[in-house]
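A.B. asks: My file is start10.csv. It has CSV, C-alpha atoms:
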```
chain,number,residue,atom,x,y,z
A,1,MET,CA,3.7,-23.5,23.9
A,2,PRO,CA,3.0,-19.8,24.8
A,3,ARG,CA,-0.6,-19.0,25.7
A,4,LEU,CA,-2.6,-17.7,22.8
A,5,GLN,CA,-3.8,-14.7,24.8
A,6,ASP,CA,-0.2,-13.7,25.7
A,7,ARG,CA,0.6,-13.7,22.0
A,8,LEU,CA,-2.5,-11.6,21.2
A,9,ASP,CA,-1.8,-9.2,24.0
A,10,GLU,CA,1.7,-8.7,22.7
A,11,PHE,CA,0.5,-7.9,19.2
A,12,LYS,CA,-2.2,-5.6,20.6
A,13,LYS,CA,0.4,-3.6,22.6
A,14,SER,CA,2.6,-3.2,19.5
A,15,PHE,CA,-0.3,-2.3,17.2
A,16,GLU,CA,-1.7,0.3,19.6
A,17,SER,CA,1.7,1.8,20.5
A,18,GLY,CA,1.7,4.1,17.5
A,19,GLY,CA,5.2,2.9,16.6
A,20,ALA,CA,6.6,0.8,13.7
A,21,PRO,CA,5.5,-1.1,11.8
A,22,TYR,CA,1.8,-0.2,12.2
A,23,HIS,CA,2.0,3.5,13.1
A,24,THR,CA,-1.6,3.4,14.4
A,25,SER,CA,-3.0,6.8,15.2
A,26,ARG,CA,-4.3,7.6,18.7
A,27,GLU,CA,-7.6,8.4,17.1
A,28,ALA,CA,-7.9,5.0,15.4
A,29,VAL,CA,-7.2,3.2,18.7
A,30,GLU,CA,-9.9,5.3,20.4
A,31,ILE,CA,-12.4,4.4,17.6
A,32,MET,CA,-11.6,0.7,18.0
A,33,HIS,CA,-11.9,0.8,21.8
A,34,ARG,CA,-15.2,2.7,21.7
A,35,ALA,CA,-16.7,0.2,19.2
A,36,THR,CA,-15.7,-2.8,21.4
A,37,ALA,CA,-17.0,-1.1,24.5
A,38,GLU,CA,-20.3,-0.4,22.8
A,39,LEU,CA,-20.7,-3.9,21.6
A,40,LYS,CA,-19.9,-5.3,25.0
A,41,ALA,CA,-22.4,-2.9,26.6
A,42,SER,CA,-25.1,-3.9,24.1
A,43,GLY,CA,-25.4,-7.4,25.8
A,44,ALA,CA,-24.7,-9.1,22.4
A,45,GLU,CA,-22.6,-11.8,24.1
A,46,ASP,CA,-25.5,-12.9,26.3
A,47,ARG,CA,-27.8,-13.3,23.3
A,48,ALA,CA,-25.4,-15.8,21.5
A,49,LEU,CA,-26.2,-19.5,21.8
A,50,GLN,CA,-25.0,-21.0,25.0
A,51,ILE,CA,-24.1,-24.4,26.6
A,52,GLY,CA,-27.2,-26.6,26.4
A,53,ASP,CA,-28.6,-25.1,23.2
A,54,ARG,CA,-29.0,-27.1,20.1
A,55,ALA,CA,-26.3,-26.1,17.5
A,56,PRO,CA,-27.9,-25.1,14.2
A,57,GLY,CA,-26.9,-27.5,11.4
A,58,PHE,CA,-25.1,-26.2,8.3
A,59,THR,CA,-23.9,-27.2,4.9
A,60,LEU,CA,-21.2,-24.9,3.5
A,61,PHE,CA,-18.4,-24.9,1.0
A,62,ASN,CA,-14.8,-25.5,2.2
A,63,GLN,CA,-11.7,-23.8,0.8
A,64,ASP,CA,-11.6,-26.3,-2.1
A,65,GLY,CA,-15.3,-25.8,-3.1
A,66,THR,CA,-16.4,-29.1,-1.5
A,67,GLN,CA,-19.6,-29.1,0.4
A,68,VAL,CA,-19.3,-30.0,4.1
A,69,SER,CA,-22.3,-30.7,6.3
A,70,SER,CA,-22.3,-30.6,10.1
A,71,ALA,CA,-24.7,-33.5,10.2
A,72,ASP,CA,-22.2,-35.7,8.3
A,73,LEU,CA,-19.4,-34.7,10.6
A,74,LEU,CA,-21.5,-35.2,13.8
A,75,ARG,CA,-22.2,-38.8,12.7
A,76,GLN,CA,-18.5,-39.4,13.1
A,77,GLY,CA,-17.9,-37.5,16.3
A,78,PRO,CA,-18.0,-34.2,18.2
A,79,LEU,CA,-17.2,-30.9,16.5
A,80,VAL,CA,-15.3,-27.8,17.4
A,81,VAL,CA,-17.0,-25.0,15.6
A,82,SER,CA,-14.9,-21.8,15.6
A,83,PHE,CA,-16.2,-18.5,14.1
A,84,PHE,CA,-13.4,-16.4,12.6
A,85,ARG,CA,-13.9,-12.8,11.3
A,86,GLY,CA,-11.3,-13.0,8.6
A,87,HIS,CA,-7.5,-12.7,8.2
A,88,TRP,CA,-7.4,-9.2,6.7
B,1,MET,CA,-2.9,-16.5,15.7
B,2,GLU,CA,-6.1,-18.3,16.8
B,3,LEU,CA,-6.0,-20.5,13.7
B,4,GLU,CA,-2.4,-21.5,14.5
B,5,ALA,CA,-3.4,-22.3,18.1
B,6,LEU,CA,-6.2,-24.5,16.8
B,7,GLN,CA,-3.7,-26.2,14.4
B,8,GLU,CA,-1.4,-27.0,17.4
B,9,ILE,CA,-4.2,-29.1,18.9
B,10,ASP,CA,-5.6,-30.6,15.7
B,11,SER,CA,-4.0,-34.0,16.2
B,12,ASN,CA,-5.3,-34.2,19.7
B,13,VAL,CA,-8.8,-33.2,18.6
B,14,ARG,CA,-8.7,-36.0,15.9
B,15,ALA,CA,-7.3,-38.5,18.4
B,16,LEU,CA,-10.5,-37.8,20.5
B,17,GLY,CA,-12.6,-38.7,17.4
B,18,ALA,CA,-13.6,-35.1,16.9
B,19,ARG,CA,-13.1,-32.6,14.1
B,20,THR,CA,-12.5,-28.8,14.0
B,21,VAL,CA,-14.2,-26.6,11.4
B,22,VAL,CA,-13.7,-22.9,11.1
B,23,LEU,CA,-16.5,-20.7,9.8
B,24,THR,CA,-15.7,-17.3,8.3
B,25,PRO,CA,-17.5,-14.9,6.0
B,26,GLU,CA,-14.4,-14.7,3.9
B,27,LEU,CA,-14.8,-16.0,0.3
B,28,GLU,CA,-13.2,-19.2,-0.8
B,29,ARG,CA,-10.4,-17.6,-2.8
B,30,TYR,CA,-9.1,-16.1,0.4
B,31,THR,CA,-9.6,-19.1,2.7
B,32,ARG,CA,-7.8,-21.4,0.2
B,33,SER,CA,-4.6,-19.3,0.4
B,34,LEU,CA,-4.8,-18.8,4.1
B,35,ARG,CA,-5.2,-22.5,4.8
B,36,LYS,CA,-2.2,-23.2,2.6
B,37,LYS,CA,-0.1,-20.5,4.1
B,38,LEU,CA,-0.7,-21.7,7.7
B,39,ASN,CA,-0.5,-25.4,6.8
B,40,LEU,CA,-3.9,-26.1,8.4
B,41,THR,CA,-5.3,-29.6,8.5
B,42,PHE,CA,-8.9,-28.6,9.2
B,43,ASP,CA,-11.4,-27.1,6.9
B,44,ILE,CA,-12.2,-23.4,6.6
B,45,LEU,CA,-15.9,-23.1,5.6
B,46,THR,CA,-17.2,-20.0,3.9
B,47,ASP,CA,-20.3,-18.8,5.8
B,48,ARG,CA,-21.6,-16.6,3.0
B,49,HIS,CA,-23.5,-13.5,4.2
B,50,LEU,CA,-23.1,-14.9,7.8
B,51,LYS,CA,-26.2,-17.1,7.5
B,52,VAL,CA,-24.9,-19.6,10.1
B,53,ALA,CA,-23.4,-17.0,12.4
B,54,GLU,CA,-26.8,-15.3,12.4
B,55,GLN,CA,-28.3,-18.6,13.7
B,56,PHE,CA,-25.7,-18.8,16.5
B,57,ARG,CA,-26.7,-15.1,17.1
B,58,LEU,CA,-23.1,-13.8,16.7
B,59,VAL,CA,-23.6,-11.1,14.1
B,60,PHE,CA,-23.1,-7.4,14.7
B,61,ALA,CA,-22.8,-4.4,12.4
B,62,LEU,CA,-19.7,-2.3,12.6
B,63,PRO,CA,-20.3,1.4,13.7
B,64,ASP,CA,-19.7,3.9,10.9
B,65,SER,CA,-16.6,5.2,12.5
B,66,LEU,CA,-15.0,1.7,12.5
B,67,ARG,CA,-16.2,0.9,9.0
B,68,ASP,CA,-14.5,4.1,7.7
B,69,LEU,CA,-11.3,3.3,9.6
B,70,TYR,CA,-11.1,-0.2,8.2
B,71,ARG,CA,-11.8,1.1,4.7
B,72,SER,CA,-8.9,3.6,5.1
B,73,TRP,CA,-6.7,0.6,5.9
B,74,GLY,CA,-7.9,-1.2,2.8
B,75,VAL,CA,-10.0,-3.7,4.7
B,76,THR,CA,-13.0,-3.5,2.4
B,77,LEU,CA,-15.4,-6.2,3.6
B,78,ASP,CA,-17.4,-5.8,0.4
B,79,ARG,CA,-14.5,-7.4,-1.3
B,80,PHE,CA,-13.3,-10.0,1.2
B,81,HIS,CA,-16.8,-11.1,2.3
B,82,ASP,CA,-19.2,-9.8,-0.3
B,83,GLU,CA,-20.7,-8.0,2.7
B,84,SER,CA,-21.7,-4.5,1.9
B,85,GLU,CA,-23.4,-4.0,5.3
B,86,TYR,CA,-20.1,-4.4,7.1
B,87,ARG,CA,-21.3,-7.0,9.6
B,88,LEU,CA,-19.0,-9.4,11.3
B,89,PRO,CA,-19.4,-12.4,13.7
B,90,MET,CA,-18.3,-12.0,17.3
B,91,PRO,CA,-15.3,-14.4,17.8
B,92,ALA,CA,-16.8,-17.6,19.2
B,93,ARG,CA,-15.8,-21.2,19.7
B,94,TYR,CA,-18.3,-24.0,20.4
B,95,VAL,CA,-17.9,-27.6,21.3
B,96,VAL,CA,-20.8,-29.6,20.0
B,97,ASP,CA,-21.5,-33.2,21.0
B,98,ARG,CA,-22.7,-35.9,18.6
B,99,ARG,CA,-26.3,-35.2,19.4
B,100,GLY,CA,-25.8,-31.6,18.2
B,101,ILE,CA,-25.9,-30.1,21.7
B,102,ILE,CA,-23.5,-27.3,22.6
B,103,ARG,CA,-21.3,-28.5,25.4
B,104,GLY,CA,-18.7,-25.7,25.4
B,105,ALA,CA,-19.2,-22.0,24.5
B,106,ASP,CA,-16.7,-19.1,24.4
B,107,VAL,CA,-18.1,-15.9,23.0
B,108,ASN,CA,-16.4,-12.5,23.4
B,109,ALA,CA,-17.6,-9.1,22.2
B,110,ASP,CA,-13.9,-8.0,22.6
B,111,TYR,CA,-12.3,-9.5,19.5
B,112,THR,CA,-8.8,-9.2,21.1
B,113,ILE,CA,-9.7,-11.9,23.6
B,114,ARG,CA,-9.8,-15.5,22.5
B,115,PRO,CA,-10.2,-18.8,24.3
B,116,GLU,CA,-7.2,-21.0,24.9
B,117,ALA,CA,-7.0,-24.1,22.8
B,118,ALA,CA,-6.3,-26.1,26.0
B,119,GLY,CA,-9.8,-25.3,27.3
B,120,THR,CA,-11.3,-26.6,24.1
B,121,LEU,CA,-9.5,-29.9,24.4
B,122,GLN,CA,-10.7,-30.1,28.0
B,123,ALA,CA,-14.3,-29.6,26.9
B,124,LEU,CA,-13.9,-32.3,24.3
B,125,ARG,CA,-12.5,-34.7,26.9
B,126,GLY,CA,-15.4,-34.0,29.1
B,127,LEU,CA,-17.9,-35.4,26.6
B,128,SER,CA,-19.2,-38.8,27.2
B,129,GLY,CA,-19.3,-40.9,24.1
```
Mind converting the file's structure to structure tokens?

C.D. replies:
Amino acid sequence: MPRLQDRLDEFKKSFESGGAPYHTSREAVEIMHRATAELKASGAEDRALQIGDRAPGFTLFNQDGTQVSSADLLRQGPLVVSFFRGHW
Amino acid sequence: MELEALQEIDSNVRALGARTVVLTPELERYTRSLRKKLNLTFDILTDRHLKVAEQFRLVFALPDSLRDLYRSWGVTLDRFHDESEYRLPMPARYVVDRRGIIRGADVNADYTIRPEAAGTLQALRGLSG
């Protein structure tokens, strides 16, 4: 199985190349790079919850409109909680 | 791509007695089709208005320049997320033990960097009971 990061790096290279199929402009690439650098420099990563912190509980709707609670899941076992910005 | 990587380890995660959940600000009508398209066996939960991401302190607002760029590409977060302020969560993956304590944490301000699924499995295996 290829490493996830290798797959991501390959996509990034293609996306930022300016060529087909994305034709991303140089200016757009610069805007994205600047925004990432600013967020990194802001120290936001260090403010996020870390190992040893208590994970906040949650009850949310899943893709089928069913309520899912972290407390119910944790009664059955550990949890992998992954935050995803969106697929757009 | 990250969701596919999590899918590749989902049977291993379950074999360890654990579960994966993905939290996203995307509305249910988008998560439903995404889950189907990628044949995911874990739930995608809609974290409306990033309420849970805020508690994990992952939320940031896009700078105006990036918001305008995304809009020009048709990525209108007002529509996908009901999020007029154009905020997003930093990509993050946590491993939480049964007592609710965080035992693995990968957070990156650079959204083009994601943790490997193998590391997540390793963190799960490291939990005692």

A.B. asks: Any idea what's packed within 10 Å of Glu4 of chain B, counting all atoms listed in the file, ignoring anything in its chain fewer than 4 positions away? Could you give it as a PyMOL selection string?

C.D. replies: (chain A and resi 4) or (chain B and resi 8-10+38-40+117)

A.B. asks: Taking only C-alpha atoms into account, produce a table as CSV in which each residue of chain B with an atom at most 7 Å from an atom of chain A appears once, together with its shortest atom pair and the distance in Å to one decimal, ordered by chain and rising number.

C.D. replies:
```
residue,atom,partner,partner_atom,distance
B:Glu2,CA,A:Leu4,CA,7.0
B:Ala5,CA,A:Leu4,CA,6.6
B:Gly17,CA,A:Gly77,CA,5.5
B:Ala18,CA,A:Pro78,CA,4.7
B:Arg19,CA,A:Leu79,CA,5.0
B:Thr20,CA,A:Val80,CA,4.5
B:Val21,CA,A:Val81,CA,5.3
B:Val22,CA,A:Ser82,CA,4.8
B:Leu23,CA,A:Phe83,CA,4.8
B:Thr24,CA,A:Phe84,CA,5.0
B:Pro25,CA,A:Arg85,CA,6.7
B:Glu26,CA,A:Gly86,CA,5.9
B:Glu28,CA,A:Gln63,CA,5.1
B:Thr31,CA,A:Gln63,CA,5.5
B:Arg32,CA,A:Gln63,CA,4.6
B:Asp43,CA,A:Asn62,CA,6.0
B:Ile44,CA,A:Asn62,CA,5.5
B:Leu45,CA,A:Asn62,CA,4.3
B:Thr46,CA,A:Phe61,CA,5.8
B:Asp47,CA,A:Leu60,CA,6.6
B:Val52,CA,A:Phe58,CA,6.8
B:Gln55,CA,A:Pro56,CA,6.5
B:Phe56,CA,A:Leu49,CA,5.4
B:Arg57,CA,A:Ala48,CA,4.6
B:Leu58,CA,A:Ala48,CA,5.7
B:Pro63,CA,A:Ala35,CA,6.7
B:Ser65,CA,A:Ile31,CA,6.7
B:Leu66,CA,A:Ile31,CA,6.3
B:Leu69,CA,A:Ala28,CA,6.9
B:Val75,CA,A:Trp88,CA,6.4
B:Leu88,CA,A:Arg85,CA,6.1
B:Pro89,CA,A:Arg85,CA,6.0
B:Pro91,CA,A:Phe83,CA,5.6
B:Ala92,CA,A:Phe83,CA,5.2
B:Arg93,CA,A:Ser82,CA,4.2
B:Tyr94,CA,A:Val81,CA,5.1
B:Val95,CA,A:Val80,CA,4.7
B:Val96,CA,A:Leu79,CA,5.2
B:Asp97,CA,A:Pro78,CA,4.6
B:Arg98,CA,A:Leu74,CA,5.0
B:Gly100,CA,A:Ala55,CA,5.6
B:Ile101,CA,A:Arg54,CA,4.6
B:Ile102,CA,A:Ile51,CA,5.0
B:Arg103,CA,A:Ile51,CA,5.1
B:Gly104,CA,A:Ile51,CA,5.7
B:Ala105,CA,A:Ile51,CA,5.8
B:Val107,CA,A:Glu45,CA,6.2
B:Asn108,CA,A:Glu45,CA,6.3
B:Ala109,CA,A:Lys40,CA,5.3
B:Asp110,CA,A:Thr36,CA,5.6
B:Thr112,CA,A:Leu8,CA,6.7
B:Ile113,CA,A:Gln5,CA,6.6
B:Arg114,CA,A:Gln5,CA,6.5
B:Glu116,CA,A:Leu4,CA,6.0
```

A.B. asks: Between atom CA of Phe42 of chain B and atom CA of Arg99 of chain B, what is the distance in Å, rounded to a tenth?

C.D. replies: 21.2 Å

A.B. asks: To one decimal place, how far is atom CA of Tyr70 of chain B from atom CA of Leu6 of chain B in Å?

C.D. replies: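 Answer for the atom CA of Tyr70 of chain B to atom CA of Leu6 of chain B separation: 26.2 Å.
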
A.B. asks: Please compute the atom CA of Lys13 of chain A-atom CA of Leu62 of chain B distance, one decimal, in Å.

C.D. replies: 22.5 Å

A.B. asks: Counting only C-alpha atoms, which of B:Leu16, B:Met90, B:Ala53, B:Thr76 gets nearest to Ala123 of chain B?

C.D. replies: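 Result for the nearest residue to Ala123 of chain B: B:Leu16.
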